[in-house]
>>> print(open('run.tsv').read())   # TSV, C-alpha atoms and all ligand atoms
chain	number	residue	atom	x	y	z
A	261	MET	CA	4.40	9.92	-5.34
A	262	LEU	CA	2.60	9.48	-2.03
A	263	ARG	CA	-1.17	9.56	-1.91
A	264	PHE	CA	-3.69	9.07	0.87
A	265	ALA	CA	-7.41	8.80	1.50
A	266	VAL	CA	-9.59	8.55	4.59
A	267	LEU	CA	-12.11	5.71	4.92
A	268	ALA	CA	-13.75	7.25	7.99
A	269	SER	CA	-12.89	9.77	10.69
A	270	GLY	CA	-14.60	10.28	14.05
A	271	SER	CA	-15.51	8.58	17.30
A	272	LYS	CA	-17.47	5.81	15.52
A	273	GLY	CA	-14.40	4.57	13.64
A	274	ASN	CA	-11.20	5.74	11.99
A	275	ALA	CA	-9.13	4.42	9.10
A	276	LEU	CA	-6.80	6.08	6.60
A	277	VAL	CA	-4.97	4.49	3.69
A	278	ALA	CA	-1.58	5.67	2.39
A	279	GLU	CA	0.01	4.46	-0.83
A	280	CYS	CA	3.47	4.80	-2.31
A	281	GLY	CA	4.60	2.82	-5.32
A	282	GLY	CA	2.85	-0.53	-4.94
A	283	THR	CA	2.80	-0.37	-1.13
A	284	ARG	CA	-0.35	0.49	0.79
A	285	LEU	CA	-0.86	0.74	4.52
A	286	LEU	CA	-3.99	1.07	6.57
A	287	LEU	CA	-3.60	3.49	9.48
A	288	ASP	CA	-6.05	2.43	12.21
A	289	CYS	CA	-8.93	0.00	11.83
A	290	GLY	CA	-11.89	1.12	13.90
A	291	LEU	CA	-14.73	0.21	11.55
A	292	ALA	CA	-16.42	-3.18	11.36
A	293	PRO	CA	-14.52	-5.41	8.89
A	294	ARG	CA	-17.31	-5.44	6.31
A	295	ASP	CA	-17.54	-1.65	6.49
A	296	THR	CA	-13.76	-1.37	6.01
A	297	GLU	CA	-13.96	-3.67	2.98
A	298	GLN	CA	-16.78	-1.60	1.45
A	299	ARG	CA	-14.94	1.67	2.01
A	300	LEU	CA	-11.71	0.27	0.55
A	301	ALA	CA	-13.71	-0.78	-2.52
A	302	ARG	CA	-15.02	2.79	-2.79
A	303	LEU	CA	-11.37	3.85	-3.15
A	304	GLY	CA	-10.66	1.13	-5.72
A	305	LEU	CA	-8.84	-1.17	-3.26
A	306	ALA	CA	-9.28	-4.65	-1.81
A	307	PRO	CA	-7.92	-5.85	1.56
A	308	GLY	CA	-5.34	-7.94	-0.30
A	309	ASP	CA	-3.85	-4.72	-1.70
A	310	LEU	CA	-2.69	-3.75	1.82
A	311	ALA	CA	0.77	-4.53	3.20
A	312	GLY	CA	-0.51	-4.27	6.76
A	313	ILE	CA	-2.12	-2.12	9.43
A	314	LEU	CA	-0.58	0.55	11.68
A	315	VAL	CA	-2.46	1.02	14.95
A	316	THR	CA	-2.19	4.26	16.93
A	317	HIS	CA	-3.83	3.03	20.16
A	318	GLU	CA	-6.33	0.59	21.61
A	319	HIS	CA	-9.45	2.77	21.74
A	320	GLY	CA	-12.26	1.06	19.87
A	321	ASP	CA	-12.56	3.71	17.16
A	322	HIS	CA	-8.88	3.05	16.19
A	323	GLY	CA	-7.76	-0.43	17.20
A	324	GLY	CA	-11.13	-2.03	17.89
A	325	CYS	CA	-11.30	-4.18	14.75
A	326	ALA	CA	-7.59	-4.32	13.85
A	327	TYR	CA	-6.99	-7.93	14.91
A	328	GLU	CA	-10.25	-9.16	13.43
A	329	PHE	CA	-9.55	-7.53	10.06
A	330	ALA	CA	-5.90	-8.62	10.13
A	331	ALA	CA	-6.84	-12.22	10.92
A	332	HIS	CA	-9.48	-12.36	8.21
A	333	HIS	CA	-7.16	-11.01	5.52
A	334	ARG	CA	-3.82	-12.35	6.83
A	335	LEU	CA	-2.30	-8.91	7.34
A	336	PRO	CA	0.41	-7.98	9.86
A	337	LEU	CA	-0.18	-5.36	12.55
A	338	TRP	CA	2.30	-2.72	13.70
A	339	LEU	CA	1.60	-1.46	17.20
A	340	THR	CA	3.32	-0.51	20.44
A	341	HIS	CA	3.81	-2.97	23.26
A	342	GLY	CA	1.30	-1.04	25.36
A	343	THR	CA	-1.35	-1.06	22.63
A	344	ARG	CA	-0.90	-4.79	22.15
A	345	GLN	CA	-1.20	-5.42	25.89
A	346	ALA	CA	-4.28	-3.26	26.17
A	347	LEU	CA	-6.00	-5.02	23.25
A	348	ALA	CA	-5.02	-8.39	24.76
A	349	GLY	CA	-6.56	-7.29	28.07
A	350	GLU	CA	-9.84	-6.67	26.27
A	351	GLY	CA	-9.68	-10.10	24.65
A	352	LYS	CA	-9.18	-8.57	21.19
A	353	ALA	CA	-5.65	-9.89	20.49
A	354	LEU	CA	-6.37	-12.90	18.29
A	355	ALA	CA	-3.81	-15.70	18.11
A	356	GLY	CA	-2.25	-16.24	14.72
A	357	VAL	CA	-2.06	-12.57	13.75
A	358	VAL	CA	1.50	-11.43	13.06
A	359	THR	CA	2.30	-8.42	15.23
A	360	ARG	CA	5.38	-6.23	14.90
A	361	LEU	CA	6.20	-4.05	17.87
A	362	ILE	CA	7.07	-0.42	17.25
A	363	GLU	CA	8.84	2.06	19.50
A	364	GLY	CA	7.38	5.51	20.06
A	365	ARG	CA	10.29	7.31	18.44
A	366	ALA	CA	11.93	4.75	16.13
A	367	ALA	CA	11.30	5.13	12.38
A	368	PHE	CA	11.13	2.10	10.12
A	369	ALA	CA	10.57	1.44	6.42
A	370	LEU	CA	8.01	-0.72	4.66
A	371	ASP	CA	9.03	-1.06	1.04
A	372	GLY	CA	8.63	2.48	-0.28
A	373	ILE	CA	6.97	3.99	2.80
A	374	GLU	CA	8.97	5.46	5.67
A	375	VAL	CA	6.98	5.26	8.90
A	376	GLN	CA	7.84	7.63	11.75
A	377	PRO	CA	5.82	6.99	14.90
A	378	TYR	CA	5.72	9.73	17.52
A	379	THR	CA	4.47	9.82	21.09
A	380	VAL	CA	1.43	11.85	22.14
A	381	PRO	CA	-0.39	12.61	25.42
A	382	HIS	CA	-3.71	10.71	25.29
A	383	ASP	CA	-5.52	8.49	27.78
A	384	ALA	CA	-4.44	5.17	26.28
A	385	ARG	CA	-1.70	2.73	27.36
A	386	GLU	CA	1.08	3.69	24.93
A	387	PRO	CA	-0.41	5.80	22.12
A	388	VAL	CA	1.49	6.99	19.06
A	389	GLN	CA	0.67	8.96	15.94
A	390	PHE	CA	2.47	8.76	12.58
A	391	VAL	CA	4.29	10.71	9.90
A	392	LEU	CA	4.45	8.77	6.62
A	393	SER	CA	6.87	9.62	3.83
A	394	ASP	CA	8.09	8.43	0.45
A	395	GLY	CA	11.47	9.98	1.21
A	396	ALA	CA	10.55	13.31	-0.36
A	397	ARG	CA	6.97	14.12	0.72
A	398	ARG	CA	5.64	13.89	4.27
A	399	LEU	CA	2.11	13.20	5.45
A	400	GLY	CA	1.55	14.03	9.12
A	401	VAL	CA	-1.42	12.50	10.93
A	402	LEU	CA	-2.58	13.62	14.38
A	403	THR	CA	-5.80	12.51	16.05
A	404	ASP	CA	-6.53	11.72	19.69
A	405	VAL	CA	-4.20	14.05	21.53
A	406	GLY	CA	-5.05	16.06	24.62
A	407	THR	CA	-2.34	18.69	24.44
A	408	PRO	CA	-0.01	19.62	21.58
A	409	THR	CA	3.59	19.23	22.77
A	410	ALA	CA	6.92	20.57	21.45
A	411	HIS	CA	7.59	17.03	20.18
A	412	VAL	CA	4.30	17.03	18.25
A	413	GLU	CA	5.17	20.43	16.75
A	414	ALA	CA	8.60	19.19	15.68
A	415	MET	CA	7.14	16.07	14.05
A	416	LEU	CA	4.43	17.92	12.12
A	417	SER	CA	6.58	20.81	10.92
A	418	ARG	CA	7.66	20.79	7.26
A	419	CYS	CA	4.94	18.32	6.25
A	420	ASP	CA	3.40	18.44	2.77
A	421	ALA	CA	0.01	17.30	4.07
A	422	LEU	CA	-1.59	17.29	7.51
A	423	VAL	CA	-4.58	15.36	8.83
A	424	LEU	CA	-5.29	17.21	12.04
A	425	GLU	CA	-7.76	16.50	14.83
A	426	CYS	CA	-10.44	19.16	15.32
A	427	ASN	CA	-12.55	17.28	17.83
A	428	HIS	CA	-14.82	19.86	19.38
A	429	ASP	CA	-15.93	23.42	19.75
A	430	PRO	CA	-15.62	24.20	23.50
A	431	ASP	CA	-18.97	26.05	23.63
A	432	LEU	CA	-20.87	23.20	21.93
A	433	LEU	CA	-19.15	20.68	24.23
A	434	ARG	CA	-20.02	22.70	27.35
A	435	ALA	CA	-23.67	23.18	26.34
A	436	GLY	CA	-24.10	19.63	25.00
A	437	ALA	CA	-25.73	16.55	26.49
A	438	TYR	CA	-22.58	14.61	27.45
A	439	PRO	CA	-22.18	13.79	31.16
A	440	ARG	CA	-19.82	16.06	33.07
A	441	TRP	CA	-17.09	13.42	33.50
A	442	LEU	CA	-17.00	12.84	29.73
A	443	LYS	CA	-16.86	16.56	28.95
A	444	GLU	CA	-13.94	16.89	31.34
A	445	ARG	CA	-12.16	13.90	29.79
A	446	ILE	CA	-12.57	15.22	26.23
A	447	ALA	CA	-11.40	18.75	27.09
A	448	GLY	CA	-8.66	17.55	29.46
A	449	PRO	CA	-4.89	17.25	28.85
A	450	PHE	CA	-5.18	13.58	27.77
A	451	GLY	CA	-8.38	13.90	25.75
A	452	HIS	CA	-8.93	15.52	22.36
A	453	LEU	CA	-7.99	18.75	20.56
A	454	SER	CA	-10.53	21.54	20.24
A	455	ASN	CA	-10.75	23.61	17.06
A	456	GLY	CA	-8.85	26.41	18.81
A	457	GLN	CA	-6.05	24.10	19.99
A	458	SER	CA	-5.63	22.79	16.44
A	459	GLU	CA	-5.61	26.32	15.11
A	460	ARG	CA	-2.82	27.32	17.52
A	461	LEU	CA	-0.85	24.17	16.78
A	462	LEU	CA	-1.11	24.76	13.03
A	463	ALA	CA	-0.03	28.39	13.46
A	464	ALA	CA	3.06	27.26	15.40
A	465	LEU	CA	4.26	24.79	12.72
A	466	ASP	CA	6.70	25.32	9.89
A	467	ARG	CA	4.11	25.37	7.07
A	468	SER	CA	6.50	26.18	4.23
A	469	ARG	CA	5.75	22.94	2.35
A	470	LEU	CA	2.13	22.51	3.28
A	471	ALA	CA	-0.17	21.75	0.32
A	472	HIS	CA	-3.05	19.86	2.01
A	473	VAL	CA	-4.76	20.43	5.36
A	474	ILE	CA	-7.55	18.11	6.44
A	475	ALA	CA	-9.62	18.55	9.61
A	476	ALA	CA	-10.31	15.14	11.18
A	477	HIS	CA	-11.97	13.29	14.07
A	478	LEU	CA	-14.75	15.90	14.33
A	479	SER	CA	-17.33	15.14	17.00
A	480	GLN	CA	-20.78	14.79	15.44
A	481	GLN	CA	-22.34	16.17	18.64
A	482	ASN	CA	-19.83	18.83	19.68
A	483	ASN	CA	-18.51	20.29	16.43
A	484	ARG	CA	-19.51	21.38	12.96
A	485	PRO	CA	-17.41	21.17	9.78
A	486	GLU	CA	-17.70	24.91	9.14
A	487	LEU	CA	-16.31	25.73	12.61
A	488	ALA	CA	-13.30	23.43	12.16
A	489	ARG	CA	-12.68	24.81	8.67
A	490	ALA	CA	-12.85	28.40	9.91
A	491	SER	CA	-10.34	27.72	12.72
A	492	LEU	CA	-7.73	26.06	10.49
A	493	ALA	CA	-8.23	28.64	7.72
A	494	ARG	CA	-7.51	31.41	10.26
A	495	ALA	CA	-4.17	29.78	11.12
A	496	LEU	CA	-3.31	29.47	7.43
A	497	GLY	CA	-4.68	32.79	6.25
A	498	CYS	CA	-6.49	30.96	3.46
A	499	LYS	CA	-10.07	30.55	2.24
A	500	GLU	CA	-12.16	28.19	4.36
A	501	SER	CA	-12.99	26.13	1.28
A	502	TRP	CA	-9.29	25.22	0.90
A	503	VAL	CA	-9.36	23.25	4.17
A	504	GLY	CA	-10.60	19.69	3.69
A	505	VAL	CA	-12.73	17.78	6.18
A	506	ALA	CA	-12.58	14.00	6.66
A	507	THR	CA	-16.02	12.90	7.82
A	508	GLN	CA	-17.43	9.89	9.65
A	509	ASP	CA	-19.70	8.76	6.83
A	510	GLU	CA	-17.76	9.79	3.72
A	511	GLY	CA	-14.13	9.98	4.85
A	512	LEU	CA	-12.06	11.83	2.25
A	513	GLY	CA	-11.20	10.95	-1.35
A	514	TRP	CA	-7.65	10.49	-2.64
A	515	ARG	CA	-5.17	13.34	-2.23
A	516	GLU	CA	-1.82	13.22	-4.03
A	517	LEU	CA	1.44	14.63	-2.72
A	518	ARG	CA	3.65	15.55	-5.65
B	1	ZN	ZN	-10.46	8.45	18.51
B	2	ZN	ZN	-8.42	7.67	21.63
>>> encode(input="run.tsv", output="structure tokens")
Amino acid sequence: MLRFAVLASGSKGNALVAECGGTRLLLDCGLAPRDTEQRLARLGLAPGDLAGILVTHEHGDHGGCAYEFAAHHRLPLWLTHGTRQALAGEGKALAGVVTRLIEGRAAFALDGIEVQPYTVPHDAREPVQFVLSDGARRLGVLTDVGTPTAHVEAMLSRCDALVLECNHDPDLLRAGAYPRWLKERIAGPFGHLSNGQSERLLAALDRSRLAHVIAAHLSQQNNRPELARASLARALGCKESWVGVATQDEGLGWRELR
């Protein structure tokens, strides 16, 4: 059995925990260490319960506190060469932390959890996203991607659960207070997925095994949960209430893949 929960999701910090057998991994570590500890406790976990941390990319809301948390709790980090270099360039790569380099397309196993990284277009040095599996069930996670690609579609097809970025509503983004350069970055090909882009991506996937869909990385300024839910529900032809939302403050409670 594979299960997962979200500690937090959004531009102020992201972290997800996946568990299979006795193995637990943290996927991204963008919250302050004390906040991460408190949110793990909310899920019945302590940092010592983790086998390590997977990092998607160096942006502060994902990799910002990864080294600090790893150093404090003696956890290894898995990250690409580019992500490690970028964090080192920002002075965040602390000596003494065990880092294991991953390749954008090479799967590896950590006890009972199969980890499949996959490459995405996003404005970071060498970003990846992940599909996690216990060998039978697959959890696909996608945040921070500017444009869905054929490779992304192939990786997220036939998943049992999806955590899918719904960053913004284009009208709210356009009318909002962000400076023009930031609006263009967010909506651009290396920025973030809008609700409509996520809806079209979801509609294009093989959804034959899909039992959980969670909207994630919603902008608190440029989106609303009900808009993200409505978009993904349209792609699925389901009730809006069936679509989950992982939020910045609450995250998402445990979901089990059976
Ligand atoms: Zn992000
Ligand atoms: Zn990012």
>>> closest_atom_pairs(input="run.tsv", of="chain A", to="ligand ZN 1 (chain B)", cutoff="9 Å", atoms="only C-alpha atoms and all ligand atoms", output="tab-separated table")
residue	atom	partner	partner_atom	distance
A:Ser269	CA	B:ZN1	ZN	8.3
A:Gly270	CA	B:ZN1	ZN	6.4
A:Ser271	CA	B:ZN1	ZN	5.2
A:Lys272	CA	B:ZN1	ZN	8.1
A:Gly273	CA	B:ZN1	ZN	7.4
A:Asn274	CA	B:ZN1	ZN	7.1
A:Gly290	CA	B:ZN1	ZN	8.8
A:His317	CA	B:ZN1	ZN	8.7
A:His319	CA	B:ZN1	ZN	6.6
A:Gly320	CA	B:ZN1	ZN	7.7
A:Asp321	CA	B:ZN1	ZN	5.4
A:His322	CA	B:ZN1	ZN	6.1
A:Thr403	CA	B:ZN1	ZN	6.7
A:Asp404	CA	B:ZN1	ZN	5.2
A:Val405	CA	B:ZN1	ZN	8.9
A:His452	CA	B:ZN1	ZN	8.2
A:His477	CA	B:ZN1	ZN	6.7
>>> closest_residue(input="run.tsv", among="A:Glu279, A:Glu350, A:Asp309, A:Glu386", to="ligand ZN 2 (chain B)", atoms="all atoms listed in the file")
A:Glu386
>>> residues_near_point(input="run.tsv", point="(-6.8, 0.0, 15.0)", cutoff="6 Å", atoms="all atoms listed in the file", output="list of chain:residue names")
A:Asp288, A:Cys289, A:Gly290, A:Val315, A:His322, A:Gly323, A:Gly324, A:Ala326
>>> closest_atom_pairs(input="run.tsv", of="stretch 439-471 of chain A", to="stretch 484-499 of chain A", cutoff="10 Å", atoms="only C-alpha atoms", output="tab-separated table")
residue	atom	partner	partner_atom	distance
A:Ser454	CA	A:Ala488	CA	8.7
A:Asn455	CA	A:Ala488	CA	5.5
A:Gly456	CA	A:Ser491	CA	6.4
A:Gln457	CA	A:Ser491	CA	9.2
A:Ser458	CA	A:Leu492	CA	7.1
A:Glu459	CA	A:Leu492	CA	5.1
A:Arg460	CA	A:Ala495	CA	7.0
A:Leu461	CA	A:Ala495	CA	8.6
A:Leu462	CA	A:Ala495	CA	6.2
A:Ala463	CA	A:Ala495	CA	5.0
A:Ala464	CA	A:Ala495	CA	8.8
A:Leu465	CA	A:Ala495	CA	9.9
A:Arg467	CA	A:Leu496	CA	8.5
A:Leu470	CA	A:Leu496	CA	9.8
>>> atom_distance(input="run.tsv", atom1="atom CA of A:Gly281", atom2="atom CA of A:Val357")
25.4 Å
>>> closest_residue(input="run.tsv", among="A:Pro439, A:Pro377, A:Gly312, A:Gly342", to="A:Phe390", atoms="only C-alpha atoms")
A:Pro377
>>> atom_distance(input="run.tsv", atom1="atom CA of A:His411", atom2="atom CA of A:Val423")
16.7 Å
>>> closest_residue(input="run.tsv", among="A:Arg398, A:Leu285, A:Val380, A:Leu416", to="A:Leu335", atoms="only C-alpha atoms")
A:Leu285
>>> atom_distance(input="run.tsv", atom1="atom CA of A:Ala421", atom2="atom CA of A:Leu287")
15.3 Å
>>> axis_aligned_box(input="run.tsv", around="stretch 345-354 of chain A", padding_each_side="4 Å", output="JSON")
{"center_x": -5.5, "center_y": -8.1, "center_z": 23.2, "size_x": 16.6, "size_y": 17.6, "size_z": 17.8}
>>> closest_residue(input="run.tsv", among="A:Ala311, A:Ala306, A:Ala353, A:Leu453", to="A:Asp371", atoms="all atoms listed in the file")
A:Ala311
>>> build_atoms(input="run.tsv", residues="stretch 405-432 of chain A", atoms="N, CA and C atoms", output="PDB file, in the frame of the given file")
ATOM      1  N   VAL A 405      -5.270  13.474  20.709  1.00  0.00           N
ATOM      2  CA  VAL A 405      -4.200  14.050  21.530  1.00  0.00           C
ATOM      3  C   VAL A 405      -4.834  15.125  22.411  1.00  0.00           C
ATOM      4  N   GLY A 406      -4.454  15.109  23.686  1.00  0.00           N
ATOM      5  CA  GLY A 406      -5.050  16.060  24.620  1.00  0.00           C
ATOM      6  C   GLY A 406      -4.420  17.430  24.549  1.00  0.00           C
ATOM      7  N   THR A 407      -3.094  17.432  24.411  1.00  0.00           N
ATOM      8  CA  THR A 407      -2.340  18.690  24.440  1.00  0.00           C
ATOM      9  C   THR A 407      -1.240  18.617  23.379  1.00  0.00           C
ATOM     10  N   PRO A 408      -1.139  19.624  22.524  1.00  0.00           N
ATOM     11  CA  PRO A 408      -0.010  19.620  21.580  1.00  0.00           C
ATOM     12  C   PRO A 408       1.290  19.867  22.344  1.00  0.00           C
ATOM     13  N   THR A 409       2.299  19.081  22.088  1.00  0.00           N
ATOM     14  CA  THR A 409       3.590  19.230  22.770  1.00  0.00           C
ATOM     15  C   THR A 409       4.637  19.749  21.783  1.00  0.00           C
ATOM     16  N   ALA A 410       5.816  20.132  22.322  1.00  0.00           N
ATOM     17  CA  ALA A 410       6.920  20.570  21.450  1.00  0.00           C
ATOM     18  C   ALA A 410       7.321  19.434  20.511  1.00  0.00           C
ATOM     19  N   HIS A 411       7.252  18.199  21.014  1.00  0.00           N
ATOM     20  CA  HIS A 411       7.590  17.030  20.180  1.00  0.00           C
ATOM     21  C   HIS A 411       6.601  16.897  19.018  1.00  0.00           C
ATOM     22  N   VAL A 412       5.322  17.081  19.307  1.00  0.00           N
ATOM     23  CA  VAL A 412       4.300  17.030  18.250  1.00  0.00           C
ATOM     24  C   VAL A 412       4.579  18.118  17.212  1.00  0.00           C
ATOM     25  N   GLU A 413       4.872  19.319  17.678  1.00  0.00           N
ATOM     26  CA  GLU A 413       5.170  20.430  16.750  1.00  0.00           C
ATOM     27  C   GLU A 413       6.365  20.100  15.869  1.00  0.00           C
ATOM     28  N   ALA A 414       7.399  19.517  16.461  1.00  0.00           N
ATOM     29  CA  ALA A 414       8.600  19.190  15.680  1.00  0.00           C
ATOM     30  C   ALA A 414       8.283  18.133  14.622  1.00  0.00           C
ATOM     31  N   MET A 415       7.448  17.155  14.990  1.00  0.00           N
ATOM     32  CA  MET A 415       7.140  16.070  14.050  1.00  0.00           C
ATOM     33  C   MET A 415       6.270  16.558  12.890  1.00  0.00           C
ATOM     34  N   LEU A 416       5.377  17.505  13.167  1.00  0.00           N
ATOM     35  CA  LEU A 416       4.430  17.920  12.120  1.00  0.00           C
ATOM     36  C   LEU A 416       4.902  19.130  11.320  1.00  0.00           C
ATOM     37  N   SER A 417       6.037  19.708  11.715  1.00  0.00           N
ATOM     38  CA  SER A 417       6.580  20.810  10.920  1.00  0.00           C
ATOM     39  C   SER A 417       7.168  20.278   9.619  1.00  0.00           C
ATOM     40  N   ARG A 418       7.112  21.112   8.579  1.00  0.00           N
ATOM     41  CA  ARG A 418       7.660  20.790   7.260  1.00  0.00           C
ATOM     42  C   ARG A 418       6.978  19.571   6.630  1.00  0.00           C
ATOM     43  N   CYS A 419       5.702  19.358   6.943  1.00  0.00           N
ATOM     44  CA  CYS A 419       4.940  18.320   6.250  1.00  0.00           C
ATOM     45  C   CYS A 419       4.324  18.906   4.978  1.00  0.00           C
ATOM     46  N   ASP A 420       4.071  18.032   3.999  1.00  0.00           N
ATOM     47  CA  ASP A 420       3.400  18.440   2.770  1.00  0.00           C
ATOM     48  C   ASP A 420       1.882  18.333   2.905  1.00  0.00           C
ATOM     49  N   ALA A 421       1.449  17.471   3.810  1.00  0.00           N
ATOM     50  CA  ALA A 421       0.010  17.300   4.070  1.00  0.00           C
ATOM     51  C   ALA A 421      -0.185  16.997   5.550  1.00  0.00           C
ATOM     52  N   LEU A 422      -1.262  17.537   6.104  1.00  0.00           N
ATOM     53  CA  LEU A 422      -1.590  17.290   7.510  1.00  0.00           C
ATOM     54  C   LEU A 422      -3.041  16.833   7.632  1.00  0.00           C
ATOM     55  N   VAL A 423      -3.244  15.777   8.405  1.00  0.00           N
ATOM     56  CA  VAL A 423      -4.580  15.360   8.830  1.00  0.00           C
ATOM     57  C   VAL A 423      -4.621  15.635  10.320  1.00  0.00           C
ATOM     58  N   LEU A 424      -5.418  16.615  10.709  1.00  0.00           N
ATOM     59  CA  LEU A 424      -5.290  17.210  12.040  1.00  0.00           C
ATOM     60  C   LEU A 424      -6.621  17.121  12.797  1.00  0.00           C
ATOM     61  N   GLU A 425      -6.546  16.596  14.015  1.00  0.00           N
ATOM     62  CA  GLU A 425      -7.760  16.500  14.830  1.00  0.00           C
ATOM     63  C   GLU A 425      -8.358  17.879  15.130  1.00  0.00           C
ATOM     64  N   CYS A 426      -9.654  18.004  14.865  1.00  0.00           N
ATOM     65  CA  CYS A 426     -10.440  19.160  15.320  1.00  0.00           C
ATOM     66  C   CYS A 426     -11.659  18.549  15.994  1.00  0.00           C
ATOM     67  N   ASN A 427     -11.507  18.110  17.222  1.00  0.00           N
ATOM     68  CA  ASN A 427     -12.550  17.280  17.830  1.00  0.00           C
ATOM     69  C   ASN A 427     -13.800  18.049  18.197  1.00  0.00           C
ATOM     70  N   HIS A 428     -13.616  19.203  18.858  1.00  0.00           N
ATOM     71  CA  HIS A 428     -14.820  19.860  19.380  1.00  0.00           C
ATOM     72  C   HIS A 428     -14.687  21.378  19.401  1.00  0.00           C
ATOM     73  N   ASP A 429     -15.841  22.002  19.447  1.00  0.00           N
ATOM     74  CA  ASP A 429     -15.930  23.420  19.750  1.00  0.00           C
ATOM     75  C   ASP A 429     -16.234  23.501  21.256  1.00  0.00           C
ATOM     76  N   PRO A 430     -15.441  24.208  22.039  1.00  0.00           N
ATOM     77  CA  PRO A 430     -15.620  24.200  23.500  1.00  0.00           C
ATOM     78  C   PRO A 430     -17.027  24.639  23.942  1.00  0.00           C
ATOM     79  N   ASP A 431     -17.630  25.589  23.240  1.00  0.00           N
ATOM     80  CA  ASP A 431     -18.970  26.050  23.630  1.00  0.00           C
ATOM     81  C   ASP A 431     -20.025  24.963  23.379  1.00  0.00           C
ATOM     82  N   LEU A 432     -19.915  24.286  22.223  1.00  0.00           N
ATOM     83  CA  LEU A 432     -20.870  23.200  21.930  1.00  0.00           C
ATOM     84  C   LEU A 432     -20.687  22.053  22.920  1.00  0.00           C
TER      85      LEU A 432
END
